[in-house]
>>> print(open('upload_33.cif').read())   # mmCIF, N, CA and C atoms
data_final
#
loop_
_atom_site.label_atom_id
_atom_site.label_comp_id
_atom_site.auth_asym_id
_atom_site.auth_seq_id
_atom_site.Cartn_x
_atom_site.Cartn_y
_atom_site.Cartn_z
N MET L 1 0.84 -1.15 0.00
CA MET L 1 0.00 0.00 0.00
C MET L 1 0.89 1.22 0.00
N LYS L 2 0.61 2.18 -0.85
CA LYS L 2 1.50 3.31 -1.00
C LYS L 2 0.94 4.52 -0.28
N GLY L 3 1.79 5.27 0.37
CA GLY L 3 1.37 6.47 1.07
C GLY L 3 2.52 7.01 1.89
N VAL L 4 2.26 8.08 2.59
CA VAL L 4 3.28 8.64 3.47
C VAL L 4 3.16 7.95 4.82
N HIS L 5 4.27 7.51 5.32
CA HIS L 5 4.29 6.78 6.59
C HIS L 5 4.94 7.67 7.64
N VAL L 6 4.21 7.94 8.72
CA VAL L 6 4.72 8.80 9.78
C VAL L 6 4.73 7.98 11.06
N GLU L 7 5.91 7.84 11.65
CA GLU L 7 6.01 7.11 12.90
C GLU L 7 7.26 7.59 13.62
N ASP L 8 7.12 7.83 14.91
CA ASP L 8 8.25 8.30 15.72
C ASP L 8 8.95 9.49 15.09
N ASN L 9 8.14 10.45 14.61
CA ASN L 9 8.63 11.70 14.04
C ASN L 9 9.46 11.54 12.77
N THR L 10 9.32 10.44 12.06
CA THR L 10 9.97 10.29 10.77
C THR L 10 8.92 10.18 9.69
N VAL L 11 9.21 10.65 8.52
CA VAL L 11 8.27 10.61 7.41
C VAL L 11 8.94 9.95 6.24
N GLY L 12 8.25 9.05 5.58
CA GLY L 12 8.77 8.38 4.40
C GLY L 12 7.67 7.67 3.66
N VAL L 13 7.99 7.03 2.59
CA VAL L 13 7.00 6.29 1.81
C VAL L 13 7.03 4.83 2.23
N THR L 14 5.85 4.28 2.38
CA THR L 14 5.75 2.88 2.76
C THR L 14 4.92 2.12 1.74
N ASN L 15 5.24 0.88 1.53
CA ASN L 15 4.48 0.03 0.63
C ASN L 15 3.90 -1.17 1.34
N ASP L 16 3.86 -1.11 2.66
CA ASP L 16 3.33 -2.25 3.41
C ASP L 16 2.33 -1.77 4.44
N ASP L 17 1.72 -2.73 5.15
CA ASP L 17 0.77 -2.40 6.20
C ASP L 17 1.52 -2.04 7.46
N SER L 18 0.82 -1.93 8.56
CA SER L 18 1.39 -1.41 9.79
C SER L 18 2.31 -2.39 10.50
N GLY L 19 2.48 -3.59 10.00
CA GLY L 19 3.36 -4.55 10.66
C GLY L 19 2.81 -4.93 12.00
N GLY L 20 3.60 -4.78 13.05
CA GLY L 20 3.17 -5.18 14.38
C GLY L 20 2.61 -4.04 15.20
N ALA L 21 2.28 -2.91 14.60
CA ALA L 21 1.75 -1.77 15.34
C ALA L 21 0.41 -2.12 15.96
N GLU L 22 0.21 -1.63 17.17
CA GLU L 22 -1.04 -1.85 17.89
C GLU L 22 -2.19 -1.08 17.26
N TYR L 23 -1.87 0.13 16.75
CA TYR L 23 -2.87 0.99 16.13
C TYR L 23 -2.46 1.26 14.68
N SER L 24 -3.35 0.96 13.76
CA SER L 24 -3.13 1.25 12.36
C SER L 24 -4.02 2.45 12.00
N LEU L 25 -3.40 3.55 11.65
CA LEU L 25 -4.12 4.79 11.38
C LEU L 25 -3.94 5.19 9.93
N ARG L 26 -5.04 5.57 9.31
CA ARG L 26 -5.02 6.01 7.92
C ARG L 26 -5.73 7.35 7.86
N LEU L 27 -4.96 8.40 7.59
CA LEU L 27 -5.51 9.76 7.53
C LEU L 27 -5.63 10.20 6.08
N PHE L 28 -6.84 10.49 5.66
CA PHE L 28 -7.09 10.98 4.31
C PHE L 28 -7.13 12.50 4.35
N ILE L 29 -6.35 13.13 3.47
CA ILE L 29 -6.29 14.58 3.39
C ILE L 29 -6.51 15.03 1.95
N SER L 30 -6.66 16.35 1.78
CA SER L 30 -6.84 16.89 0.42
C SER L 30 -5.70 17.84 0.10
N GLY L 31 -4.67 17.30 -0.50
CA GLY L 31 -3.54 18.11 -0.93
C GLY L 31 -2.81 18.78 0.22
N ALA L 32 -2.25 19.93 -0.08
CA ALA L 32 -1.43 20.65 0.90
C ALA L 32 -2.22 21.78 1.55
N SER L 33 -3.52 21.60 1.72
CA SER L 33 -4.33 22.64 2.34
C SER L 33 -3.93 22.85 3.79
N ALA L 34 -4.25 24.03 4.31
CA ALA L 34 -3.94 24.34 5.71
C ALA L 34 -4.66 23.37 6.65
N ASN L 35 -5.88 23.02 6.33
CA ASN L 35 -6.65 22.10 7.17
C ASN L 35 -6.02 20.70 7.18
N SER L 36 -5.51 20.27 6.03
CA SER L 36 -4.86 18.97 5.94
C SER L 36 -3.57 18.96 6.77
N ALA L 37 -2.77 20.01 6.62
CA ALA L 37 -1.52 20.09 7.38
C ALA L 37 -1.79 20.12 8.88
N LYS L 38 -2.82 20.86 9.27
CA LYS L 38 -3.18 20.94 10.69
C LYS L 38 -3.61 19.58 11.22
N ALA L 39 -4.37 18.84 10.42
CA ALA L 39 -4.82 17.51 10.83
C ALA L 39 -3.64 16.57 11.06
N VAL L 40 -2.67 16.60 10.16
CA VAL L 40 -1.49 15.75 10.30
C VAL L 40 -0.72 16.11 11.56
N LEU L 41 -0.45 17.40 11.75
CA LEU L 41 0.30 17.83 12.93
C LEU L 41 -0.43 17.51 14.23
N ASN L 42 -1.74 17.77 14.26
CA ASN L 42 -2.52 17.47 15.46
C ASN L 42 -2.50 15.98 15.78
N LEU L 43 -2.69 15.16 14.76
CA LEU L 43 -2.74 13.72 14.97
C LEU L 43 -1.40 13.17 15.43
N VAL L 44 -0.33 13.59 14.80
CA VAL L 44 1.01 13.11 15.19
C VAL L 44 1.30 13.53 16.63
N SER L 45 0.90 14.73 17.01
CA SER L 45 1.13 15.21 18.37
C SER L 45 0.40 14.33 19.39
N VAL L 46 -0.87 14.03 19.12
CA VAL L 46 -1.65 13.18 20.03
C VAL L 46 -1.04 11.78 20.10
N CYS L 47 -0.72 11.22 18.95
CA CYS L 47 -0.17 9.87 18.91
C CYS L 47 1.18 9.78 19.61
N ASP L 48 2.04 10.77 19.40
CA ASP L 48 3.35 10.75 20.05
C ASP L 48 3.23 10.94 21.56
N THR L 49 2.18 11.60 21.99
CA THR L 49 1.97 11.80 23.42
C THR L 49 1.39 10.56 24.09
N TYR L 50 0.43 9.90 23.45
CA TYR L 50 -0.32 8.83 24.12
C TYR L 50 0.01 7.41 23.66
N ILE L 51 0.46 7.24 22.42
CA ILE L 51 0.72 5.87 21.94
C ILE L 51 2.04 5.77 21.17
N LYS L 52 3.00 6.56 21.56
CA LYS L 52 4.29 6.60 20.86
C LYS L 52 4.89 5.19 20.76
N GLY L 53 5.32 4.84 19.54
CA GLY L 53 5.93 3.54 19.30
C GLY L 53 4.92 2.41 19.12
N ARG L 54 3.64 2.71 19.23
CA ARG L 54 2.61 1.67 19.12
C ARG L 54 1.65 1.91 17.96
N TYR L 55 2.03 2.82 17.05
CA TYR L 55 1.13 3.11 15.95
C TYR L 55 1.89 3.23 14.62
N ALA L 56 1.12 3.02 13.57
CA ALA L 56 1.61 3.27 12.21
C ALA L 56 0.59 4.20 11.57
N LEU L 57 1.06 5.30 11.02
CA LEU L 57 0.19 6.30 10.41
C LEU L 57 0.50 6.39 8.93
N GLU L 58 -0.53 6.24 8.15
CA GLU L 58 -0.43 6.39 6.70
C GLU L 58 -1.27 7.61 6.32
N VAL L 59 -0.64 8.60 5.70
CA VAL L 59 -1.32 9.81 5.26
C VAL L 59 -1.54 9.70 3.76
N ILE L 60 -2.80 9.81 3.36
CA ILE L 60 -3.15 9.60 1.96
C ILE L 60 -3.84 10.85 1.39
N ASP L 61 -3.27 11.39 0.33
CA ASP L 61 -3.85 12.52 -0.37
C ASP L 61 -4.90 11.99 -1.34
N ILE L 62 -6.14 12.39 -1.15
CA ILE L 62 -7.22 11.85 -2.00
C ILE L 62 -7.05 12.25 -3.46
N PHE L 63 -6.30 13.32 -3.73
CA PHE L 63 -6.07 13.72 -5.12
C PHE L 63 -5.09 12.78 -5.81
N GLN L 64 -4.22 12.16 -5.03
CA GLN L 64 -3.24 11.23 -5.60
C GLN L 64 -3.72 9.78 -5.55
N ASP L 65 -4.60 9.45 -4.63
CA ASP L 65 -5.08 8.07 -4.50
C ASP L 65 -6.58 8.05 -4.23
N HIS L 66 -7.34 8.55 -5.22
CA HIS L 66 -8.79 8.63 -5.06
C HIS L 66 -9.45 7.25 -5.01
N GLU L 67 -8.82 6.25 -5.61
CA GLU L 67 -9.39 4.90 -5.58
C GLU L 67 -9.40 4.34 -4.16
N LEU L 68 -8.35 4.57 -3.41
CA LEU L 68 -8.31 4.11 -2.02
C LEU L 68 -9.34 4.85 -1.18
N ALA L 69 -9.52 6.13 -1.44
CA ALA L 69 -10.53 6.91 -0.73
C ALA L 69 -11.92 6.35 -1.02
N GLN L 70 -12.18 5.99 -2.26
CA GLN L 70 -13.47 5.39 -2.61
C GLN L 70 -13.63 4.03 -1.93
N LYS L 71 -12.59 3.24 -1.94
CA LYS L 71 -12.63 1.91 -1.34
C LYS L 71 -12.94 2.00 0.16
N ASP L 72 -12.38 3.01 0.83
CA ASP L 72 -12.60 3.18 2.26
C ASP L 72 -13.82 4.05 2.56
N HIS L 73 -14.60 4.38 1.53
CA HIS L 73 -15.85 5.13 1.67
C HIS L 73 -15.65 6.50 2.31
N ILE L 74 -14.62 7.20 1.89
CA ILE L 74 -14.32 8.53 2.41
C ILE L 74 -15.17 9.55 1.67
N THR L 75 -15.97 10.31 2.42
CA THR L 75 -16.83 11.32 1.81
C THR L 75 -16.47 12.73 2.26
N ALA L 76 -15.61 12.85 3.27
CA ALA L 76 -15.16 14.15 3.76
C ALA L 76 -13.70 14.03 4.19
N VAL L 77 -12.97 15.12 4.06
CA VAL L 77 -11.57 15.12 4.50
C VAL L 77 -11.30 16.37 5.33
N PRO L 78 -10.39 16.30 6.24
CA PRO L 78 -9.62 15.13 6.66
C PRO L 78 -10.50 14.08 7.35
N SER L 79 -10.19 12.83 7.08
CA SER L 79 -10.86 11.69 7.72
C SER L 79 -9.79 10.72 8.21
N LEU L 80 -9.99 10.22 9.42
CA LEU L 80 -9.06 9.28 10.01
C LEU L 80 -9.75 7.94 10.23
N ILE L 81 -9.14 6.88 9.74
CA ILE L 81 -9.62 5.53 10.02
C ILE L 81 -8.67 4.92 11.03
N ILE L 82 -9.23 4.51 12.16
CA ILE L 82 -8.46 3.89 13.23
C ILE L 82 -8.79 2.41 13.22
N LYS L 83 -7.77 1.58 13.02
CA LYS L 83 -7.97 0.13 13.04
C LYS L 83 -7.16 -0.46 14.18
N THR L 84 -7.85 -1.24 15.01
CA THR L 84 -7.19 -2.00 16.06
C THR L 84 -7.55 -3.46 15.84
N SER L 85 -7.03 -4.32 16.68
CA SER L 85 -7.38 -5.73 16.55
C SER L 85 -8.85 -5.97 16.88
N LEU L 86 -9.49 -5.02 17.56
CA LEU L 86 -10.88 -5.19 17.98
C LEU L 86 -11.89 -4.52 17.07
N SER L 87 -11.52 -3.40 16.44
CA SER L 87 -12.52 -2.65 15.69
C SER L 87 -11.89 -1.68 14.70
N ALA L 88 -12.75 -1.00 13.99
CA ALA L 88 -12.34 0.09 13.10
C ALA L 88 -13.31 1.24 13.34
N LYS L 89 -12.78 2.46 13.33
CA LYS L 89 -13.59 3.64 13.58
C LYS L 89 -13.10 4.75 12.67
N THR L 90 -14.02 5.62 12.24
CA THR L 90 -13.66 6.75 11.39
C THR L 90 -13.98 8.06 12.10
N LEU L 91 -13.03 8.98 12.10
CA LEU L 91 -13.22 10.32 12.64
C LEU L 91 -13.03 11.32 11.51
N VAL L 92 -13.80 12.41 11.55
CA VAL L 92 -13.72 13.43 10.51
C VAL L 92 -13.40 14.77 11.18
N GLY L 93 -12.52 15.53 10.57
CA GLY L 93 -12.18 16.86 11.07
C GLY L 93 -10.69 17.08 11.08
N ASN L 94 -10.26 18.22 11.66
CA ASN L 94 -8.84 18.56 11.63
C ASN L 94 -8.05 17.95 12.77
N MET L 95 -8.61 17.01 13.47
CA MET L 95 -7.97 16.25 14.54
C MET L 95 -7.52 17.14 15.70
N SER L 96 -8.22 18.27 15.90
CA SER L 96 -7.87 19.17 17.00
C SER L 96 -8.53 18.76 18.31
N ASN L 97 -9.52 17.86 18.25
CA ASN L 97 -10.21 17.41 19.46
C ASN L 97 -9.50 16.17 20.00
N CYS L 98 -8.56 16.38 20.91
CA CYS L 98 -7.76 15.30 21.47
C CYS L 98 -8.64 14.24 22.13
N GLN L 99 -9.65 14.66 22.86
CA GLN L 99 -10.53 13.72 23.56
C GLN L 99 -11.24 12.79 22.58
N LYS L 100 -11.67 13.32 21.45
CA LYS L 100 -12.34 12.52 20.42
C LYS L 100 -11.38 11.47 19.84
N ILE L 101 -10.14 11.88 19.61
CA ILE L 101 -9.15 10.94 19.09
C ILE L 101 -8.87 9.84 20.11
N LEU L 102 -8.71 10.22 21.38
CA LEU L 102 -8.46 9.24 22.43
C LEU L 102 -9.62 8.26 22.57
N GLN L 103 -10.84 8.75 22.42
CA GLN L 103 -12.00 7.86 22.44
C GLN L 103 -11.96 6.91 21.25
N GLY L 104 -11.60 7.42 20.09
CA GLY L 104 -11.48 6.58 18.90
C GLY L 104 -10.41 5.50 19.07
N LEU L 105 -9.36 5.84 19.82
CA LEU L 105 -8.29 4.87 20.10
C LEU L 105 -8.65 3.95 21.27
N ARG L 106 -9.82 4.19 21.87
CA ARG L 106 -10.30 3.44 23.04
C ARG L 106 -9.38 3.61 24.24
N LEU L 107 -8.84 4.80 24.40
CA LEU L 107 -8.00 5.09 25.55
C LEU L 107 -8.77 5.80 26.66
N THR L 108 -9.97 6.29 26.34
CA THR L 108 -10.87 6.89 27.33
C THR L 108 -12.28 6.42 27.03
N THR L 109 -13.18 6.67 27.96
CA THR L 109 -14.58 6.29 27.76
C THR L 109 -15.43 7.48 27.44
#
>>> encode(input="upload_33.cif", output="structure tokens")
Amino acid sequence: MKGVHVEDNTVGVTNDDSGGAEYSLRLFISGASANSAKAVLNLVSVCDTYIKGRYALEVIDIFQDHELAQKDHITAVPSLIIKTSLSAKTLVGNMSNCQKILQGLRLTT
């Protein structure tokens, strides 16, 4: 699977799934918009604070990979798909609501 891979403050291209990561995160964005950049920064900040070393983040630009966006039923961006061994959940927005992200990660009730 192709996309930008962000983990432990490094960014690169990945062609595989999350490997042994506890949380598999897929963030759909729309190009280099301010809202997209804010979503990436907000999400990485939350993940590095609460689940550092336990997640794999794939950032996907819907303009470059619209087929994957269609496959994952993305109708709004930024959208985050959180996959764990127990479930999958989708969040929409600029990822500024830390509590909402933590709930999606099942770290709070």
>>> select_by_dssp(input="upload_33.cif", residues="chain L", states="alpha helix (DSSP H)", output="PyMOL selection string")
chain L and resi 34-50+66-71+98-104
>>> atom_distance(input="upload_33.cif", atom1="atom N of Glu58 in chain L", atom2="CA of Met95 in chain L")
14.0 Å
>>> resolve_selection(input="upload_33.cif", expression="the PyMOL selection byres (((chain L and resi 34-37 and name CA) around 12) and name CA)", output="list in words")
Leu27, Phe28, Ile29, Ser30, Gly31, Ala32, Ser33, Lys38, Ala39, Val40, Leu41, Asn42, Leu43, Val44, Val59, Ile60, Asp61, Ile62, Ala76, Val77, Pro78, Ser79, Leu80, Val92, Gly93, Asn94, Met95 and Ser96 of chain L
>>> atom_distance(input="upload_33.cif", atom1="CA of Gln99 in chain L", atom2="CA of Thr49 in chain L")
12.6 Å
>>> select_by_dssp(input="upload_33.cif", residues="range 60-102 of chain L", states="strand (DSSP E or B)", output="VMD selection string")
chain L and resid 60 to 61 79 to 83 88 to 92
>>> resolve_selection(input="upload_33.cif", expression="the PyMOL selection byres ((chain L and resi 22) around 8)", output="number ranges by chain")
L: 18-21, 23-25, 53-56, 83-85
>>> atom_distance(input="upload_33.cif", atom1="CA of Lys89 in chain L", atom2="CA of Arg26 in chain L")
10.5 Å
>>> residues_around(input="upload_33.cif", residues="Ile101 in chain L", least_positions_apart="6", cutoff="8 Å", atoms="all atoms listed in the file", output="ChimeraX atom specification")
/L:46,91,95,107-108
>>> write_last_selection(input="upload_33.cif", atoms="N, CA and C atoms", output="CSV table (one decimal), keeping the file's coordinate frame")
chain,number,residue,atom,x,y,z
L,46,VAL,N,-0.9,14.0,19.1
L,46,VAL,CA,-1.6,13.2,20.0
L,46,VAL,C,-1.0,11.8,20.1
L,91,LEU,N,-13.0,9.0,12.1
L,91,LEU,CA,-13.2,10.3,12.6
L,91,LEU,C,-13.0,11.3,11.5
L,95,MET,N,-8.6,17.0,13.5
L,95,MET,CA,-8.0,16.2,14.5
L,95,MET,C,-7.5,17.1,15.7
L,107,LEU,N,-8.8,4.8,24.4
L,107,LEU,CA,-8.0,5.1,25.6
L,107,LEU,C,-8.8,5.8,26.7
L,108,THR,N,-10.0,6.3,26.3
L,108,THR,CA,-10.9,6.9,27.3
L,108,THR,C,-12.3,6.4,27.0
